[in-house]
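Reproduced below: target_23.txt, with compact mmCIF, C-alpha atoms and all ligand atoms.
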```txt
# COMPACT_ATOMS: atom_id res chain seq x y z
CA MET A 43 -110.16 -151.93 145.79
CA ALA A 44 -110.79 -148.92 143.56
CA GLN A 45 -110.56 -145.55 145.27
CA GLN A 46 -114.02 -143.94 145.14
CA GLN A 47 -114.55 -140.25 144.58
CA LYS A 48 -115.42 -138.60 147.90
CA ILE A 49 -119.03 -137.64 148.55
CA ARG A 50 -118.66 -133.92 149.23
CA LYS A 51 -122.07 -132.49 148.43
CA ALA A 52 -125.54 -133.22 149.74
CA VAL A 53 -128.86 -132.10 148.31
CA PHE A 54 -131.80 -131.34 150.60
CA PRO A 55 -135.13 -131.03 148.77
CA VAL A 56 -137.03 -128.57 150.97
CA ALA A 57 -139.63 -127.17 148.58
CA GLY A 58 -142.57 -129.32 149.80
CA LEU A 59 -145.67 -127.41 150.91
CA GLY A 60 -146.30 -129.30 154.14
CA THR A 61 -150.08 -129.27 153.72
CA ARG A 62 -150.38 -132.08 156.29
CA PHE A 63 -149.25 -129.61 158.95
CA LEU A 64 -151.63 -126.77 158.24
CA PRO A 65 -152.20 -124.36 159.86
CA ALA A 66 -148.67 -124.52 161.39
CA THR A 67 -147.06 -124.49 157.94
CA LYS A 68 -149.05 -121.50 156.68
CA ALA A 69 -146.17 -119.23 157.69
CA VAL A 70 -143.44 -121.67 158.82
CA PRO A 71 -141.85 -124.22 156.47
CA LYS A 72 -142.36 -127.80 157.68
CA GLU A 73 -138.57 -128.25 157.79
CA MET A 74 -138.44 -125.53 160.46
CA LEU A 75 -140.89 -127.22 162.84
CA THR A 76 -139.03 -128.15 165.98
CA VAL A 77 -138.17 -131.57 167.31
CA VAL A 78 -137.42 -130.79 170.97
CA ASP A 79 -135.39 -127.59 170.41
CA LYS A 80 -133.94 -127.90 166.91
CA PRO A 81 -135.71 -127.54 163.58
CA VAL A 82 -136.19 -130.79 161.66
CA ILE A 83 -133.74 -129.64 158.96
CA GLN A 84 -130.92 -129.29 161.50
CA TYR A 85 -131.04 -133.02 162.32
CA VAL A 86 -130.59 -133.90 158.65
CA VAL A 87 -127.79 -131.38 158.10
CA ASP A 88 -126.02 -132.76 161.21
CA GLU A 89 -126.29 -136.28 159.79
CA ALA A 90 -124.74 -135.08 156.53
CA ALA A 91 -121.93 -133.25 158.33
CA GLU A 92 -121.16 -136.40 160.37
CA ALA A 93 -120.78 -138.27 157.05
CA GLY A 94 -118.15 -135.80 155.84
CA ILE A 95 -120.36 -133.63 153.61
CA GLU A 96 -118.69 -130.30 152.86
CA HIS A 97 -121.33 -128.50 150.80
CA PHE A 98 -125.04 -128.32 151.61
CA VAL A 99 -127.39 -127.70 148.68
CA PHE A 100 -130.97 -126.71 149.53
CA VAL A 101 -133.62 -126.91 146.83
CA THR A 102 -136.21 -124.50 148.17
CA GLY A 103 -139.37 -122.77 146.98
CA ARG A 104 -141.50 -119.74 147.72
CA GLY A 105 -142.07 -119.11 151.42
CA LYS A 106 -138.93 -121.00 152.43
CA GLY A 107 -136.65 -117.98 152.86
CA VAL A 108 -136.47 -118.54 156.61
CA ILE A 109 -134.42 -121.71 155.97
CA GLU A 110 -131.74 -119.58 154.32
CA ASP A 111 -131.86 -117.12 157.21
CA TYR A 112 -131.57 -119.98 159.67
CA PHE A 113 -128.27 -121.11 158.13
CA ASP A 114 -126.79 -117.61 158.43
CA ILE A 115 -125.48 -115.51 161.29
CA GLN A 116 -128.22 -113.66 163.15
CA TYR A 117 -126.14 -110.61 163.88
CA GLU A 118 -128.46 -108.68 166.20
CA LEU A 119 -129.27 -111.77 168.23
CA GLU A 120 -125.61 -112.69 168.66
CA GLN A 121 -124.73 -109.11 169.63
CA MET A 122 -127.39 -109.20 172.30
CA LEU A 123 -126.24 -112.59 173.57
CA ARG A 124 -122.68 -111.22 173.82
CA GLU A 125 -123.85 -108.18 175.78
CA ARG A 126 -125.68 -110.50 178.19
CA ASN A 127 -122.75 -112.92 178.50
CA LYS A 128 -124.85 -115.80 177.20
CA ASN A 129 -121.75 -117.73 176.16
CA ALA A 130 -123.29 -121.19 176.09
CA GLU A 131 -125.96 -120.01 173.64
CA LEU A 132 -123.34 -118.28 171.47
CA THR A 133 -121.23 -121.44 171.33
CA LEU A 134 -124.31 -123.51 170.47
CA LEU A 135 -125.22 -121.24 167.54
CA ALA A 136 -121.64 -121.10 166.23
CA GLY A 137 -121.35 -124.90 166.31
CA LEU A 138 -124.45 -125.34 164.15
CA LEU A 139 -123.53 -122.84 161.44
CA PRO A 140 -122.18 -124.13 158.11
CA LYS A 141 -118.96 -122.33 157.14
CA ALA A 142 -119.41 -119.33 154.83
CA GLY A 143 -119.70 -120.47 151.23
CA THR A 144 -120.66 -124.06 152.04
CA ALA A 145 -124.44 -123.68 151.79
CA SER A 146 -126.19 -123.08 148.46
CA PHE A 147 -129.84 -122.38 147.79
CA THR A 148 -131.73 -122.82 144.54
CA ARG A 149 -135.46 -122.77 143.88
CA GLN A 150 -137.53 -125.55 142.40
CA GLN A 151 -140.04 -122.96 141.05
CA VAL A 152 -142.73 -125.58 140.26
CA PRO A 153 -143.51 -128.62 142.45
CA LEU A 154 -143.10 -131.34 139.82
CA GLY A 155 -141.83 -134.07 142.15
CA LEU A 156 -138.74 -135.31 143.95
CA GLY A 157 -136.91 -136.21 140.72
CA HIS A 158 -137.40 -132.68 139.47
CA ALA A 159 -136.24 -131.20 142.80
CA VAL A 160 -133.00 -133.18 142.65
CA TRP A 161 -132.50 -132.17 139.00
CA CYS A 162 -132.73 -128.51 140.07
CA ALA A 163 -129.44 -129.01 141.97
CA ARG A 164 -127.54 -130.18 138.87
CA ASP A 165 -125.46 -127.05 138.29
CA ILE A 166 -124.45 -126.70 141.93
CA VAL A 167 -123.54 -130.38 142.25
CA GLY A 168 -121.73 -130.62 138.90
CA ASN A 169 -120.06 -133.79 137.67
CA GLU A 170 -119.45 -135.70 140.89
CA PRO A 171 -121.28 -138.27 143.01
CA PHE A 172 -123.48 -136.70 145.68
CA ALA A 173 -125.90 -137.48 148.48
CA VAL A 174 -129.61 -136.71 148.75
CA LEU A 175 -131.28 -136.50 152.16
CA LEU A 176 -135.05 -136.13 152.44
CA PRO A 177 -135.55 -133.80 155.38
CA ASP A 178 -138.87 -135.33 156.40
CA MET A 179 -137.02 -138.42 157.57
CA ILE A 180 -134.97 -137.94 160.71
CA MET A 181 -133.00 -140.74 162.22
CA SER A 182 -131.58 -141.87 165.49
CA ALA A 183 -128.69 -144.34 165.56
CA GLU A 184 -125.21 -144.70 166.98
CA LYS A 185 -123.74 -144.42 163.49
CA GLY A 186 -125.60 -141.97 161.25
CA CYS A 187 -127.37 -143.43 158.23
CA LEU A 188 -125.43 -141.42 155.64
CA LYS A 189 -122.13 -142.21 157.37
CA GLY A 190 -122.93 -145.92 157.08
CA MET A 191 -123.77 -145.44 153.40
CA VAL A 192 -120.53 -143.56 152.73
CA ASP A 193 -118.62 -146.45 154.34
CA LEU A 194 -120.42 -148.98 152.13
CA TYR A 195 -119.88 -146.76 149.07
CA ALA A 196 -116.13 -146.84 149.75
CA GLN A 197 -116.37 -150.58 149.01
CA THR A 198 -118.98 -150.65 146.25
CA GLY A 199 -118.79 -147.33 144.38
CA GLY A 200 -121.80 -146.77 142.11
CA ASN A 201 -125.07 -145.76 143.73
CA VAL A 202 -126.13 -146.59 147.28
CA LEU A 203 -129.61 -146.34 148.82
CA ALA A 204 -130.46 -146.79 152.47
CA VAL A 205 -133.31 -149.20 153.13
CA GLN A 206 -135.27 -150.35 156.15
CA GLU A 207 -137.97 -152.89 156.87
CA CYS A 208 -141.55 -151.70 156.90
CA ASP A 209 -144.84 -153.34 157.68
CA PRO A 210 -145.78 -155.01 154.35
CA GLU A 211 -149.18 -153.31 154.70
CA GLN A 212 -147.39 -149.95 154.43
CA ALA A 213 -145.20 -150.81 151.41
CA HIS A 214 -147.49 -148.96 148.97
CA LYS A 215 -146.47 -145.66 150.58
CA TYR A 216 -142.78 -145.94 149.66
CA GLY A 217 -140.15 -146.86 147.11
CA ILE A 218 -139.44 -150.60 147.58
CA VAL A 219 -136.34 -152.54 146.48
CA GLY A 220 -135.70 -156.12 145.35
CA VAL A 221 -132.91 -157.99 147.17
CA GLY A 222 -129.88 -159.45 145.34
CA ASP A 223 -126.46 -160.81 146.37
CA ALA A 224 -124.66 -159.52 149.44
CA VAL A 225 -121.98 -156.82 148.99
CA GLY A 226 -120.06 -155.65 152.05
CA GLU A 227 -122.60 -154.92 154.78
CA GLY A 228 -125.32 -154.46 152.18
CA PHE A 229 -126.74 -156.13 149.09
CA LYS A 230 -127.21 -155.52 145.38
CA ILE A 231 -130.54 -154.02 144.39
CA THR A 232 -132.32 -156.02 141.69
CA GLN A 233 -135.47 -153.96 141.40
CA MET A 234 -137.04 -150.67 142.51
CA VAL A 235 -140.73 -149.82 142.51
CA GLU A 236 -142.21 -146.50 143.55
CA LYS A 237 -145.39 -146.93 145.59
CA PRO A 238 -146.22 -150.51 144.50
CA ALA A 239 -149.91 -151.47 144.41
CA LYS A 240 -150.90 -153.48 147.49
CA GLY A 241 -149.64 -157.05 147.36
CA THR A 242 -147.13 -156.43 144.53
CA ALA A 243 -144.06 -155.15 146.43
CA PRO A 244 -140.86 -157.15 145.74
CA SER A 245 -139.93 -157.01 149.47
CA ASN A 246 -140.74 -155.07 152.62
CA LEU A 247 -137.53 -153.04 152.37
CA TYR A 248 -138.32 -149.39 151.70
CA ILE A 249 -136.06 -146.59 150.55
CA ASN A 250 -135.87 -144.47 153.69
CA GLY A 251 -134.86 -141.14 152.15
CA ARG A 252 -131.05 -141.32 151.89
CA TYR A 253 -129.29 -141.71 148.55
CA ILE A 254 -125.77 -141.65 147.12
CA LEU A 255 -126.07 -141.06 143.39
CA GLN A 256 -123.80 -140.69 140.41
CA PRO A 257 -124.15 -137.44 138.42
CA GLU A 258 -125.44 -139.29 135.32
CA ILE A 259 -128.83 -139.22 137.09
CA PHE A 260 -129.21 -135.55 136.10
CA LYS A 261 -129.26 -136.28 132.33
CA ILE A 262 -131.93 -138.90 132.92
CA LEU A 263 -134.09 -136.66 135.10
CA GLU A 264 -133.90 -133.91 132.49
CA THR A 265 -136.13 -135.76 130.01
CA GLN A 266 -138.03 -138.01 132.35
CA GLU A 267 -141.79 -138.58 132.05
CA ARG A 268 -144.05 -138.21 135.07
CA GLY A 269 -144.67 -141.37 137.10
CA ALA A 270 -146.59 -142.25 140.30
CA GLY A 271 -148.78 -139.37 141.54
CA ASN A 272 -148.21 -137.59 138.18
CA GLU A 273 -144.81 -136.45 139.50
CA ILE A 274 -141.27 -136.74 138.13
CA GLN A 275 -140.11 -139.54 140.42
CA LEU A 276 -136.51 -139.99 141.55
CA THR A 277 -137.13 -143.75 141.73
CA ASP A 278 -138.00 -143.88 138.01
CA GLY A 279 -134.79 -141.98 137.23
CA MET A 280 -132.79 -144.44 139.33
CA LEU A 281 -134.43 -147.36 137.51
CA ALA A 282 -133.23 -145.93 134.20
CA LEU A 283 -129.74 -145.38 135.64
CA ALA A 284 -129.69 -148.97 136.96
CA LYS A 285 -129.58 -150.19 133.33
CA SER A 286 -125.97 -149.01 133.12
CA GLN A 287 -124.83 -148.69 136.76
CA GLU A 288 -124.87 -150.71 139.95
CA PHE A 289 -127.15 -149.91 142.88
CA ALA A 290 -126.38 -151.27 146.34
CA ALA A 291 -128.58 -151.09 149.43
CA TYR A 292 -127.40 -150.16 152.89
CA PRO A 293 -129.70 -151.77 155.48
CA PHE A 294 -129.89 -149.01 158.09
CA LYS A 295 -130.07 -150.17 161.69
CA GLY A 296 -131.66 -147.43 163.70
CA ASP A 297 -134.92 -145.57 164.16
CA THR A 298 -136.43 -143.40 161.45
CA TYR A 299 -139.21 -140.90 162.10
CA ASP A 300 -141.25 -139.56 159.22
CA CYS A 301 -141.68 -135.96 160.27
CA GLY A 302 -143.78 -135.33 157.18
CA ALA A 303 -146.63 -137.07 159.04
CA LYS A 304 -148.15 -136.02 162.35
CA ASP A 305 -147.62 -139.35 164.11
CA GLY A 306 -143.96 -139.57 163.05
CA PHE A 307 -143.33 -135.98 164.05
CA ILE A 308 -144.84 -136.44 167.50
CA LEU A 309 -142.97 -139.72 168.03
CA ALA A 310 -139.71 -138.01 167.02
CA ASN A 311 -140.30 -135.35 169.65
CA LEU A 312 -140.97 -137.94 172.34
CA ALA A 313 -138.03 -140.16 171.34
CA PHE A 314 -135.47 -137.35 171.12
CA ALA A 315 -136.74 -135.77 174.35
CA LEU A 316 -136.34 -139.11 176.15
CA GLN A 317 -132.72 -139.28 174.95
CA ARG A 318 -131.96 -135.99 176.67
CA ALA A 319 -130.60 -136.15 180.22
CA ASP A 320 -131.87 -132.60 180.88
CA ILE A 321 -135.45 -133.42 179.85
CA ARG A 322 -136.09 -137.09 180.47
CA PRO A 323 -136.42 -136.94 184.30
CA ALA A 324 -139.13 -134.29 184.02
CA ILE A 325 -141.25 -136.05 181.40
CA GLU A 326 -140.81 -139.78 181.93
CA GLY A 327 -143.14 -140.05 184.94
CA PRO A 328 -145.90 -137.85 183.51
CA MET A 329 -145.68 -139.69 180.17
CA LYS A 330 -146.12 -143.06 181.86
CA ALA A 331 -149.01 -141.69 183.90
CA LEU A 332 -150.61 -140.30 180.77
CA ILE A 333 -150.39 -143.65 179.02
CA ALA A 334 -151.64 -145.53 182.09
CA SER A 335 -154.64 -143.23 182.24
CA LEU A 336 -155.67 -144.00 178.65
CA LYS A 337 -159.11 -145.53 178.46
C1 LIG B 1 -140.25 -140.43 148.69
C2 LIG B 1 -139.62 -141.40 147.69
C3 LIG B 1 -139.84 -142.86 148.14
C4 LIG B 1 -139.28 -143.04 149.54
C5 LIG B 1 -139.92 -141.99 150.49
C6 LIG B 1 -139.29 -142.03 151.87
O1 LIG B 1 -141.63 -140.57 148.65
O2 LIG B 1 -140.18 -141.18 146.41
O3 LIG B 1 -139.19 -143.74 147.27
O4 LIG B 1 -139.53 -144.34 150.02
O5 LIG B 1 -139.76 -140.66 149.99
O6 LIG B 1 -139.97 -141.14 152.70
P1 LIG B 1 -142.61 -139.43 149.28
O7 LIG B 1 -142.52 -139.56 150.77
O8 LIG B 1 -142.11 -138.11 148.78
O9 LIG B 1 -143.99 -139.76 148.77
```

How does the structure come out when it is put into structure tokens?
Amino acid sequence: MAQQQKIRKAVFPVAGLGTRFLPATKAVPKEMLTVVDKPVIQYVVDEAAEAGIEHFVFVTGRGKGVIEDYFDIQYELEQMLRERNKNAELTLLAGLLPKAGTASFTRQQVPLGLGHAVWCARDIVGNEPFAVLLPDMIMSAEKGCLKGMVDLYAQTGGNVLAVQECDPEQAHKYGIVGVGDAVGEGFKITQMVEKPAKGTAPSNLYINGRYILQPEIFKILETQERGAGNEIQLTDGMLALAKSQEFAAYPFKGDTYDCGAKDGFILANLAFALQRADIRPAIEGPMKALIASLK
């Protein structure tokens, strides 16, 4: 089997305005909203780190400066924690910090769509395969989604997308793939459609926000026309790339929460809180009582 080039870099498009979470997102980026006690973006960065990612590329926009501050040392805070012997908190912060020089930030400048956001990372990524993780989607599974994709990529090379089943009624909200022959634990993708009109989706398998892409995508995105929603769509760029390269799908087995929507965000908070031994005992009873009291 051919040795594949290691996936070292991951792109996080974090320029979205988060209008669905106003007024909270008036002054706080949606990626910084907390799920239990960590910002949403931390879950996605952790997933990337678990998959062996060494360089974290954030495509940001105006008003997102706090994300850059978050991935830096907070000197005064740490000094104060040291003075107060808050060692557990110090260790926690140190463990979450990317090493100096391994986080890059670039601005999208104009919100022209996901394809355009990814293209903005082209110089930082350079000529090597890379991952894209949409920070709205946070996942819970024994083996992280990107880790599973990297394992499949070791067998297939090319491009790999993670997919999951959705209610066919919801297919028009996503990018949907067509299913081909099995490869490794996944299958070959025969088709991709961004936000198919109701009743026209080739399957109920949606692209869940995790991608491994070859760098040739950047050339395509550079000249790409606008697609669905009048935006430069990553899916359209991938369709063009699929004319000359293989795309495989990794069927992710785990739970995905769309933290770009209120219901997904609230469910993520409940699900992750229930996984925590320090929180579950205090909330399980009241949660059951709350649900039982629903009229
Ligand atoms: C984007 C992608 C879509 C994917 C979805 C997952 O859409 O374009 O293919 O299925 O993320 O969340 P968006 O949510 O930005 O409309």

Nearby polymer residues, ligand LIG 1 (chain B), at most 9 Å, all atoms listed in the file, as a PyMOL selection string: chain A and resi 58+155-157+176-179+205+213+215-218+234-237+248-252+270-271+275-277+300+302

Same residues, C-alpha atoms, saved as a PDB file, in the frame of the given file:
```pdb
ATOM      1  CA  GLY A  58    -142.570-129.320 149.800  1.00  0.00           C
ATOM      2  CA  GLY A 155    -141.830-134.070 142.150  1.00  0.00           C
ATOM      3  CA  LEU A 156    -138.740-135.310 143.950  1.00  0.00           C
ATOM      4  CA  GLY A 157    -136.910-136.210 140.720  1.00  0.00           C
ATOM      5  CA  LEU A 176    -135.050-136.130 152.440  1.00  0.00           C
ATOM      6  CA  PRO A 177    -135.550-133.800 155.380  1.00  0.00           C
ATOM      7  CA  ASP A 178    -138.870-135.330 156.400  1.00  0.00           C
ATOM      8  CA  MET A 179    -137.020-138.420 157.570  1.00  0.00           C
ATOM      9  CA  VAL A 205    -133.310-149.200 153.130  1.00  0.00           C
ATOM     10  CA  ALA A 213    -145.200-150.810 151.410  1.00  0.00           C
ATOM     11  CA  LYS A 215    -146.470-145.660 150.580  1.00  0.00           C
ATOM     12  CA  TYR A 216    -142.780-145.940 149.660  1.00  0.00           C
ATOM     13  CA  GLY A 217    -140.150-146.860 147.110  1.00  0.00           C
ATOM     14  CA  ILE A 218    -139.440-150.600 147.580  1.00  0.00           C
ATOM     15  CA  MET A 234    -137.040-150.670 142.510  1.00  0.00           C
ATOM     16  CA  VAL A 235    -140.730-149.820 142.510  1.00  0.00           C
ATOM     17  CA  GLU A 236    -142.210-146.500 143.550  1.00  0.00           C
ATOM     18  CA  LYS A 237    -145.390-146.930 145.590  1.00  0.00           C
ATOM     19  CA  TYR A 248    -138.320-149.390 151.700  1.00  0.00           C
ATOM     20  CA  ILE A 249    -136.060-146.590 150.550  1.00  0.00           C
ATOM     21  CA  ASN A 250    -135.870-144.470 153.690  1.00  0.00           C
ATOM     22  CA  GLY A 251    -134.860-141.140 152.150  1.00  0.00           C
ATOM     23  CA  ARG A 252    -131.050-141.320 151.890  1.00  0.00           C
ATOM     24  CA  ALA A 270    -146.590-142.250 140.300  1.00  0.00           C
ATOM     25  CA  GLY A 271    -148.780-139.370 141.540  1.00  0.00           C
ATOM     26  CA  GLN A 275    -140.110-139.540 140.420  1.00  0.00           C
ATOM     27  CA  LEU A 276    -136.510-139.990 141.550  1.00  0.00           C
ATOM     28  CA  THR A 277    -137.130-143.750 141.730  1.00  0.00           C
ATOM     29  CA  ASP A 300    -141.250-139.560 159.220  1.00  0.00           C
ATOM     30  CA  GLY A 302    -143.780-135.330 157.180  1.00  0.00           C
TER      31      GLY A 302
END
```

Best match for closeness to A:Ala224 among A:Ala163, A:Ala291, A:Ala145, A:Asn272, counting all atoms listed in the file: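 Ranked by minimum distance to A:Ala224, first place goes to A:Ala291.
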
Separation of atom CA of A:Lys230 from atom CA of A:Glu273 in Å: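 For atom CA of A:Glu273 relative to atom CA of A:Lys230, the distance reads 26.6 Å.
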
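Distances here use only C-alpha atoms; by that measure, the residue among A:Glu264, A:Asp297, A:Asp223, A:Asp79 closest to A:Gln206 is A:Asp297.
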
Shell around stretch 323-328 of chain A at 12 Å using all atoms listed in the file, local window under 5 positions removed, as a PyMOL selection string: chain A and resi 311-318+333-335

d(atom CA of A:Cys162, atom CA of A:Lys68) in Å: 24.3 Å

Residue among A:Val152, A:Leu123, A:Val167, A:Ile308 lying closest to A:Val99, counting only C-alpha atoms: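 Selected residue with least distance to A:Val99: A:Val167.
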
Atomic separation - atom CA of A:Gly94 relative to atom CA of A:Glu170, Å: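 If I compute the distance from atom CA of A:Glu170 to atom CA of A:Gly94, I get 15.0 Å.
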
Contacts of stretch 198-203 of chain A within 12 Å, only C-alpha atoms, excl. fewer than 6 positions in-chain, as a PyMOL selection string: chain A and resi 43-49+170-175+187-192+217-219+224-231+234+247-259+276-277+280-281+283-284+286-294
